[in-house]
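Working notes for the structure below.
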Amino acid sequence: MTALQTGDRLVSVEPDVIDWLKMPRPMIIDGEQVGSDRSLDVEDPATGRRIGSVALAGPELVQRAVAAARATFDDGGWRWMSSAARSRLILAAASLIDRHTEELAQLDALDGGVPIEYGRASIAEAVLTLEYAAGITARITGQTVAPANHRGDLFQAQVIREPLGVVAQIVPWNLPFGMAVEKVALGLATANTMVLKPAEQTPLSALRLGELLLEAGIPPGVVNVVSGFGAETGDALVRDPRVNKVSFTGSTVTGKAIVVAASANLTPVSLELGGKSPFIVLGDADLDEAASAAAENIFTLSGQACTAPSRMFVQHQAHDEFVERLSAAAGRVVVGSPLDPRTTAGPLVSEVQRRRVARYVDGALEDGATLACGGAPGEGAGYYYAPTVLTDTTPRMTINREEVFGPVVTVTPFDTVDEVIALANDTSYGLAAGVWTNDLAASQRLVRELQAGSVWVNTYNLFDPALPFGGYKQSGWGRETGMAAVELYTQTKTVAAATTERTSP
Ligand code: NAI
Ligand code: MG
């Protein structure tokens with residue numbers, strides 16, 4: 001790990017951001033900024049210092065936000081707005097966010113430790129996601145269906161696609177603004193109203209998003225933002241009977257708790273959960289490319305990514321060289337201040353998270369793993385942890401079974417394609433997988449056999465708003481991007497109308 005001499009090249013925090021952080025940030029409910037008598041401290045994980053605070057929503061404020069979303073939906077102005085008008089508003093939001101890129105990237109750097117360059121790119125992607133959402137508003141349509149058992153001249157049948165109503169959107173801390181926009185964009189495109197809850201570790205950019213959406217002209221009450229802890233604020237939101245859908249991204253454990261809570265009202269839930277994604281390198285692959293992509297994708301965001309390729313499998317003859325190259329690449333990761341443009345890995349989000357990561361690595365070493373590099377927390381302030389490569393692990397070890405959410409990867413040799421299929425699928429997760437080879441037949445076989453919602457071949461983490469994303473097995477329910485997601489944010493109404501008076505079937 002290359003440690004930075006911080007201070008010399010730090011981006012200076014914009015005066016607007018400094019001013020904005022001076023007062024406790026209110027929630028956004030029904031187009032108003034709403035304070036609370038309780039507040040939540042906001043911490044910078046790069047220094048461990050408090051940088052501000054946000055209003056904390058207890059159950060009453062959550063109920064007020066849901067009531068606003070409910071009334072705004074029921075009122076009809078938003079859901080009956082022409083798709084062209086809705087599309088224009090979403091485009092206005094996209095371009096306003098684009099103009100605030102630097103400010104938003106700085107908020108995620110300060111609040112969540114997202115490296116500034118990575119953050120800027122994620123805001124640009126959020127803008128593209130909104131532009132895609134603006135483009136699909138007119139394509140959300142129903143169908144005219146010819147009934148199978150009824151005379152087509154006597155009945156006219158239609159399937160209308162309608163929004164669900166109020167959607168509760170709960171997001172995690174690893175890429176705060178990008179996660180929030182992914183959910184909100186879909187809700188806007190499908191004419192639902194929303195209550196968004198950011199993670200308690202990173203509430204700032206979602207609250208700013210709520211402000212910017214209003215400034216762009218999205219009507220009051222369409223997107224409400226409440227901040228607070230999961231067990232209180234999040235739980236109150238999930239249990240509210242006026243919520244028509246819950247859309248959650250986060251850990252599998254919390255996903256299961258949300259399903260239980262939502263089931264009291266049979267509220268439908270979609271889940272984007274964790275992963276233990278395999279990254280498979282066949283002997284013929286370009287090892288340079290594979291190793292640098294491996295390093296980039298496991299150490300990005302310090303491993304705090306749902307698709308982090310945390311289990312690497314390398315064909316025998318290439319294994320040792322791959323480990324060498326991966327360790328060398330780990331050494332070139334620039335760990336430092338998120339506000340330094342040279343930084344490629346910032347701190348973990350909290351001391352709790354760093355302790356969790358350290359526990360997993362220490363446990364793996366006790367279980368008999370070998371450390372190829374890393375394995376230690378950073379020195380000084382901030383919740384840093386060194387990029388870590390482990391070898392000599394077995395599939396039964398905890399390190400290969402549970403999501404670490406840190407800059408930690410295991411590398412395991414294999415002989416045959418059959419063997420690696422079994423190894424890769426030996427997990428309760430199924431979010432993503434990577435395959436590196438030029439052998440067409442082998443790659444086709446792997447693509448078909450891998451149990452994962454996304455399989456990337458000779459690339460990794462290729463996301464696109466038009467492509468469905470989601471998990472197999474315990475990595476989730478449903479798909480949250482692409483037209484597949486539109487189905488989860490809408491419901492159909494079947495209409496059969498007699499074409500002549502008093503026709504009975
Ligand atoms: P979490 O899944 O508990 O938190 C994510 C969001 O859910 C936050 O907004 C939180 O406030 C909310 N939440 C928590 N409990 C809730 C409840 N009972 N009802 C409604 N909302 C609730 O994740 P946490 O505890 O912050 O991180 C723990 C571990 O989870 C990490 O070490 C990592 O392994 C995993 N994780 C995975 C993520 C992924 O995208 N795969 C994202 C975040 C965490
Ligand atoms: Mg924070």
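Convention: chains lettered A, B, ... in structure tokens order; per-chain residue numbering from 1; ligands numbered from 1 as shown.
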Contact check, chain A to ligand 1, at most 8 Å, counting only C-alpha atoms and all ligand atoms, closest pairs as CSV:
```
residue,atom,partner,partner_atom_place_in_ligand_line,distance
A:Ile170,CA,ligand 1,9 (O),5.2
A:Val171,CA,ligand 1,9 (O),4.8
A:Pro172,CA,ligand 1,5 (C),4.0
A:Trp173,CA,ligand 1,43 (C),6.0
A:Asn174,CA,ligand 1,42 (C),6.2
A:Lys197,CA,ligand 1,9 (O),6.0
A:Pro198,CA,ligand 1,9 (O),4.9
A:Ala199,CA,ligand 1,9 (O),3.3
A:Glu200,CA,ligand 1,11 (O),5.5
A:Gln201,CA,ligand 1,26 (O),7.6
A:Gly228,CA,ligand 1,11 (O),6.7
A:Phe229,CA,ligand 1,11 (O),4.7
A:Gly230,CA,ligand 1,11 (O),3.2
A:Ala231,CA,ligand 1,18 (N),4.3
A:Glu232,CA,ligand 1,19 (N),7.2
A:Thr233,CA,ligand 1,20 (C),7.0
A:Gly234,CA,ligand 1,20 (C),3.5
A:Asp235,CA,ligand 1,19 (N),3.8
A:Ala236,CA,ligand 1,20 (C),7.5
A:Leu237,CA,ligand 1,20 (C),7.2
A:Val238,CA,ligand 1,20 (C),6.3
A:Phe248,CA,ligand 1,7 (O),7.1
A:Thr249,CA,ligand 1,40 (O),5.6
A:Gly250,CA,ligand 1,42 (C),3.7
A:Ser251,CA,ligand 1,2 (O),3.6
A:Thr252,CA,ligand 1,2 (O),6.8
A:Val253,CA,ligand 1,2 (O),6.9
A:Thr254,CA,ligand 1,2 (O),4.9
A:Gly255,CA,ligand 1,2 (O),6.8
A:Ala257,CA,ligand 1,18 (N),5.7
A:Ile258,CA,ligand 1,19 (N),5.4
A:Ala261,CA,ligand 1,19 (N),7.8
A:Glu272,CA,ligand 1,40 (O),6.8
A:Leu273,CA,ligand 1,41 (N),4.7
A:Gly274,CA,ligand 1,41 (N),3.3
A:Gly275,CA,ligand 1,41 (N),6.1
A:Gln304,CA,ligand 1,33 (C),7.3
A:Ala305,CA,ligand 1,40 (O),6.0
A:Cys306,CA,ligand 1,41 (N),3.7
A:Thr307,CA,ligand 1,41 (N),7.3
A:Gln353,CA,ligand 1,32 (O),6.0
A:Arg356,CA,ligand 1,32 (O),6.8
A:Val357,CA,ligand 1,32 (O),7.8
A:Glu402,CA,ligand 1,34 (O),7.8
A:Glu403,CA,ligand 1,34 (O),4.9
A:Val404,CA,ligand 1,34 (O),5.3
A:Phe405,CA,ligand 1,34 (O),4.7
A:Gly406,CA,ligand 1,32 (O),7.8
```
DSSP-assigned alpha helix (DSSP H) members of segment 288-484 of chain A, reported as an MDAnalysis selection string: chainID A and resid 288:299 316:332 351:366 417:425 440:449 482:484
Given 6 Å and only C-alpha atoms and all ligand atoms, residues near ligand 2 as a ChimeraX atom specification: /A:42-44,111-112,201-202
Could the residues in this selection be saved with all heavy atoms as a PDB file, in the first residue's frame?
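Written file, selection_8.pdb:
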```pdb
ATOM      1  N   VAL A  42     -22.696  13.429  12.203  1.00  0.00           N
ATOM      2  CA  VAL A  42     -22.116  12.952  10.944  1.00  0.00           C
ATOM      3  C   VAL A  42     -20.603  12.919  11.120  1.00  0.00           C
ATOM      4  O   VAL A  42     -19.989  13.900  11.539  1.00  0.00           O
ATOM      5  CB  VAL A  42     -22.489  13.894   9.775  1.00  0.00           C
ATOM      6  CG1 VAL A  42     -21.817  13.428   8.492  1.00  0.00           C
ATOM      7  CG2 VAL A  42     -23.999  13.925   9.593  1.00  0.00           C
ATOM      8  N   GLU A  43     -20.023  11.764  10.777  1.00  0.00           N
ATOM      9  CA  GLU A  43     -18.598  11.554  11.022  1.00  0.00           C
ATOM     10  C   GLU A  43     -17.840  11.402   9.708  1.00  0.00           C
ATOM     11  O   GLU A  43     -18.328  10.788   8.773  1.00  0.00           O
ATOM     12  CB  GLU A  43     -18.452  10.278  11.856  1.00  0.00           C
ATOM     13  CG  GLU A  43     -17.040   9.948  12.246  1.00  0.00           C
ATOM     14  CD  GLU A  43     -16.941   8.540  12.828  1.00  0.00           C
ATOM     15  OE1 GLU A  43     -17.565   7.614  12.290  1.00  0.00           O
ATOM     16  OE2 GLU A  43     -16.224   8.368  13.820  1.00  0.00           O
ATOM     17  N   ASP A  44     -16.645  11.966   9.660  1.00  0.00           N
ATOM     18  CA  ASP A  44     -15.736  11.784   8.519  1.00  0.00           C
ATOM     19  C   ASP A  44     -14.838  10.583   8.826  1.00  0.00           C
ATOM     20  O   ASP A  44     -14.006  10.648   9.743  1.00  0.00           O
ATOM     21  CB  ASP A  44     -14.908  13.066   8.355  1.00  0.00           C
ATOM     22  CG  ASP A  44     -13.823  12.916   7.293  1.00  0.00           C
ATOM     23  OD1 ASP A  44     -13.680  11.822   6.707  1.00  0.00           O
ATOM     24  OD2 ASP A  44     -13.113  13.909   7.059  1.00  0.00           O
ATOM     25  N   ASP A 111     -18.281  12.295   4.030  1.00  0.00           N
ATOM     26  CA  ASP A 111     -19.214  11.545   4.862  1.00  0.00           C
ATOM     27  C   ASP A 111     -18.964  10.038   4.778  1.00  0.00           C
ATOM     28  O   ASP A 111     -19.051   9.328   5.778  1.00  0.00           O
ATOM     29  CB  ASP A 111     -20.644  11.873   4.390  1.00  0.00           C
ATOM     30  CG  ASP A 111     -21.709  11.414   5.355  1.00  0.00           C
ATOM     31  OD1 ASP A 111     -21.357  10.869   6.402  1.00  0.00           O
ATOM     32  OD2 ASP A 111     -22.895  11.609   5.055  1.00  0.00           O
ATOM     33  N   GLY A 112     -18.615   9.558   3.582  1.00  0.00           N
ATOM     34  CA  GLY A 112     -18.504   8.113   3.384  1.00  0.00           C
ATOM     35  C   GLY A 112     -17.114   7.633   3.012  1.00  0.00           C
ATOM     36  O   GLY A 112     -16.903   6.438   2.802  1.00  0.00           O
ATOM     37  N   GLN A 201     -24.718   6.110   8.576  1.00  0.00           N
ATOM     38  CA  GLN A 201     -23.308   6.505   8.447  1.00  0.00           C
ATOM     39  C   GLN A 201     -23.108   7.583   7.387  1.00  0.00           C
ATOM     40  O   GLN A 201     -22.089   8.273   7.393  1.00  0.00           O
ATOM     41  CB  GLN A 201     -22.445   5.285   8.057  1.00  0.00           C
ATOM     42  CG  GLN A 201     -22.420   4.147   9.074  1.00  0.00           C
ATOM     43  CD  GLN A 201     -23.548   3.148   8.848  1.00  0.00           C
ATOM     44  OE1 GLN A 201     -24.528   3.426   8.144  1.00  0.00           O
ATOM     45  NE2 GLN A 201     -23.424   1.974   9.460  1.00  0.00           N
ATOM     46  N   THR A 202     -24.049   7.693   6.428  1.00  0.00           N
ATOM     47  CA  THR A 202     -23.833   8.589   5.274  1.00  0.00           C
ATOM     48  C   THR A 202     -25.118   9.288   4.829  1.00  0.00           C
ATOM     49  O   THR A 202     -25.583   9.081   3.701  1.00  0.00           O
ATOM     50  CB  THR A 202     -23.304   7.776   4.072  1.00  0.00           C
ATOM     51  OG1 THR A 202     -24.239   6.712   3.820  1.00  0.00           O
ATOM     52  CG2 THR A 202     -21.927   7.202   4.306  1.00  0.00           C
TER      53      THR A 202
END
```
Strand (DSSP E) residues, from DSSP on the backbone, in segment 387-433 of chain A, as an MDAnalysis selection string: chainID A and resid 388:391 408:414 432:433
Store the residues picked out above, limited to all heavy atoms, as a tab-separated table (two decimals), in the first residue's frame.
```tsv
chain	number	residue	atom	x	y	z
A	388	THR	N	-5.52	-6.54	1.18
A	388	THR	CA	-5.08	-7.82	1.75
A	388	THR	C	-5.37	-8.98	0.81
A	388	THR	O	-6.50	-9.12	0.31
A	388	THR	CB	-5.80	-8.04	3.10
A	388	THR	OG1	-5.46	-6.96	3.98
A	388	THR	CG2	-5.44	-9.36	3.73
A	389	VAL	N	-4.35	-9.81	0.57
A	389	VAL	CA	-4.51	-11.01	-0.26
A	389	VAL	C	-4.19	-12.23	0.59
A	389	VAL	O	-3.12	-12.29	1.22
A	389	VAL	CB	-3.58	-10.96	-1.50
A	389	VAL	CG1	-3.73	-12.24	-2.33
A	389	VAL	CG2	-3.88	-9.73	-2.36
A	390	LEU	N	-5.10	-13.19	0.61
A	390	LEU	CA	-4.92	-14.42	1.39
A	390	LEU	C	-4.88	-15.63	0.46
A	390	LEU	O	-5.66	-15.71	-0.50
A	390	LEU	CB	-6.08	-14.59	2.37
A	390	LEU	CG	-6.22	-13.54	3.48
A	390	LEU	CD1	-7.61	-13.62	4.12
A	390	LEU	CD2	-5.14	-13.72	4.54
A	391	THR	N	-3.99	-16.59	0.76
A	391	THR	CA	-3.97	-17.85	0.01
A	391	THR	C	-4.10	-18.99	1.01
A	391	THR	O	-4.20	-18.76	2.22
A	391	THR	CB	-2.65	-18.01	-0.78
A	391	THR	OG1	-1.57	-17.92	0.16
A	391	THR	CG2	-2.49	-16.92	-1.82
A	408	VAL	N	-10.30	-7.23	1.05
A	408	VAL	CA	-9.76	-8.54	1.38
A	408	VAL	C	-10.21	-9.58	0.36
A	408	VAL	O	-11.39	-9.67	0.06
A	408	VAL	CB	-10.25	-8.98	2.79
A	408	VAL	CG1	-9.72	-10.36	3.15
A	408	VAL	CG2	-9.87	-7.95	3.84
A	409	VAL	N	-9.24	-10.37	-0.16
A	409	VAL	CA	-9.58	-11.36	-1.16
A	409	VAL	C	-8.82	-12.66	-0.90
A	409	VAL	O	-7.70	-12.63	-0.39
A	409	VAL	CB	-9.27	-10.82	-2.58
A	409	VAL	CG1	-7.79	-10.47	-2.74
A	409	VAL	CG2	-9.71	-11.79	-3.66
A	410	THR	N	-9.47	-13.78	-1.21
A	410	THR	CA	-8.76	-15.06	-1.15
A	410	THR	C	-8.50	-15.54	-2.58
A	410	THR	O	-9.31	-15.29	-3.48
A	410	THR	CB	-9.58	-16.14	-0.41
A	410	THR	OG1	-10.78	-16.40	-1.16
A	410	THR	CG2	-9.96	-15.69	0.99
A	411	VAL	N	-7.36	-16.21	-2.78
A	411	VAL	CA	-7.05	-16.78	-4.10
A	411	VAL	C	-6.86	-18.28	-3.94
A	411	VAL	O	-6.10	-18.73	-3.07
A	411	VAL	CB	-5.77	-16.15	-4.70
A	411	VAL	CG1	-5.59	-16.64	-6.15
A	411	VAL	CG2	-5.83	-14.62	-4.68
A	412	THR	N	-7.57	-19.05	-4.76
A	412	THR	CA	-7.59	-20.51	-4.65
A	412	THR	C	-7.28	-21.13	-6.02
A	412	THR	O	-7.88	-20.71	-7.02
A	412	THR	CB	-8.99	-20.98	-4.20
A	412	THR	OG1	-9.31	-20.32	-2.97
A	412	THR	CG2	-9.08	-22.48	-4.03
A	413	PRO	N	-6.37	-22.11	-6.09
A	413	PRO	CA	-6.09	-22.76	-7.37
A	413	PRO	C	-7.16	-23.80	-7.72
A	413	PRO	O	-7.82	-24.33	-6.83
A	413	PRO	CB	-4.74	-23.44	-7.14
A	413	PRO	CG	-4.66	-23.65	-5.67
A	413	PRO	CD	-5.52	-22.61	-5.01
A	414	PHE	N	-7.33	-24.06	-9.03
A	414	PHE	CA	-8.22	-25.16	-9.45
A	414	PHE	C	-7.62	-25.79	-10.70
A	414	PHE	O	-6.76	-25.19	-11.36
A	414	PHE	CB	-9.64	-24.64	-9.72
A	414	PHE	CG	-9.75	-23.76	-10.94
A	414	PHE	CD1	-10.02	-24.29	-12.21
A	414	PHE	CD2	-9.56	-22.38	-10.84
A	414	PHE	CE1	-10.10	-23.48	-13.33
A	414	PHE	CE2	-9.64	-21.57	-11.97
A	414	PHE	CZ	-9.92	-22.12	-13.21
A	432	ALA	N	-22.82	-11.79	-8.46
A	432	ALA	CA	-22.07	-11.55	-9.69
A	432	ALA	C	-20.94	-12.57	-9.81
A	432	ALA	O	-20.63	-13.29	-8.85
A	432	ALA	CB	-21.49	-10.14	-9.70
A	433	ALA	N	-20.35	-12.62	-11.00
A	433	ALA	CA	-19.19	-13.49	-11.22
A	433	ALA	C	-18.38	-12.91	-12.36
A	433	ALA	O	-18.92	-12.27	-13.26
A	433	ALA	CB	-19.65	-14.91	-11.57
```
Counting only C-alpha atoms, the option among A:Leu271, A:Leu186, A:Val323, A:Val335 closest to Ala290 of chain A: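 Result for the nearest residue to Ala290 of chain A: A:Val323.
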Val127 of chain A surroundings by only C-alpha atoms, 12 Å radius, close-in-sequence under 5 positions cut, as a list in words: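 Near neighbours after the sequence-gap exclusion: Ile90, Leu91, Ala92, Ala93, Ala94, Ser95, Leu96, Ile97, Asp98, Arg99, His100, Thr101, Leu104, Arg120, Ala121, Ser122, Tyr132, Ala133, Ala134, Phe177, Gly178, Ala180, Val181, Glu182, Val184, Ala185, Leu209, Asp464 and Pro465 of chain A.
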Writing out the chosen residues with C-alpha atoms as a compact mmCIF listing (two decimals), in the first residue's frame:
```
# COMPACT_ATOMS: atom_id res chain seq x y z
CA ILE A 90 -36.26 14.17 -14.59
CA LEU A 91 -33.93 15.69 -17.21
CA ALA A 92 -33.96 18.97 -15.30
CA ALA A 93 -32.95 17.06 -12.16
CA ALA A 94 -30.18 15.30 -14.11
CA SER A 95 -28.68 18.52 -15.36
CA LEU A 96 -28.93 20.24 -11.98
CA ILE A 97 -27.14 17.30 -10.36
CA ASP A 98 -24.53 17.44 -13.12
CA ARG A 99 -23.86 21.09 -12.25
CA HIS A 100 -23.43 20.09 -8.59
CA THR A 101 -21.05 17.20 -9.30
CA LEU A 104 -21.91 16.02 -4.24
CA ARG A 120 -17.09 12.33 -9.41
CA ALA A 121 -17.44 9.37 -11.77
CA SER A 122 -20.31 8.00 -9.68
CA TYR A 132 -32.15 6.80 -18.93
CA ALA A 133 -35.13 7.10 -16.54
CA ALA A 134 -36.33 10.18 -18.42
CA PHE A 177 -25.37 9.25 -3.74
CA GLY A 178 -25.24 6.64 -6.52
CA ALA A 180 -29.95 6.84 -3.71
CA VAL A 181 -30.26 7.99 -7.32
CA GLU A 182 -30.56 4.45 -8.66
CA VAL A 184 -35.15 7.45 -6.97
CA ALA A 185 -34.69 7.47 -10.77
CA LEU A 209 -30.49 15.11 -3.37
CA ASP A 464 -25.61 0.12 -17.15
CA PRO A 465 -29.06 1.53 -16.35
```
Closest-contact table, segment 293-336 of chain A side, partner segment 4-26 of chain A, 12 Å, counting only C-alpha atoms, as CSV:
```
residue,atom,partner,partner_atom,distance
A:Arg332,CA,A:Leu4,CA,11.4
A:Val333,CA,A:Leu4,CA,10.5
A:Val334,CA,A:Leu4,CA,7.0
A:Val335,CA,A:Leu4,CA,6.8
A:Gly336,CA,A:Leu4,CA,5.4
```
Of the listed residues A:Arg355, A:Lys276, A:Asn400, A:Asp392, that which approaches Asp320 of chain A most closely, counting only C-alpha atoms: A:Asp392
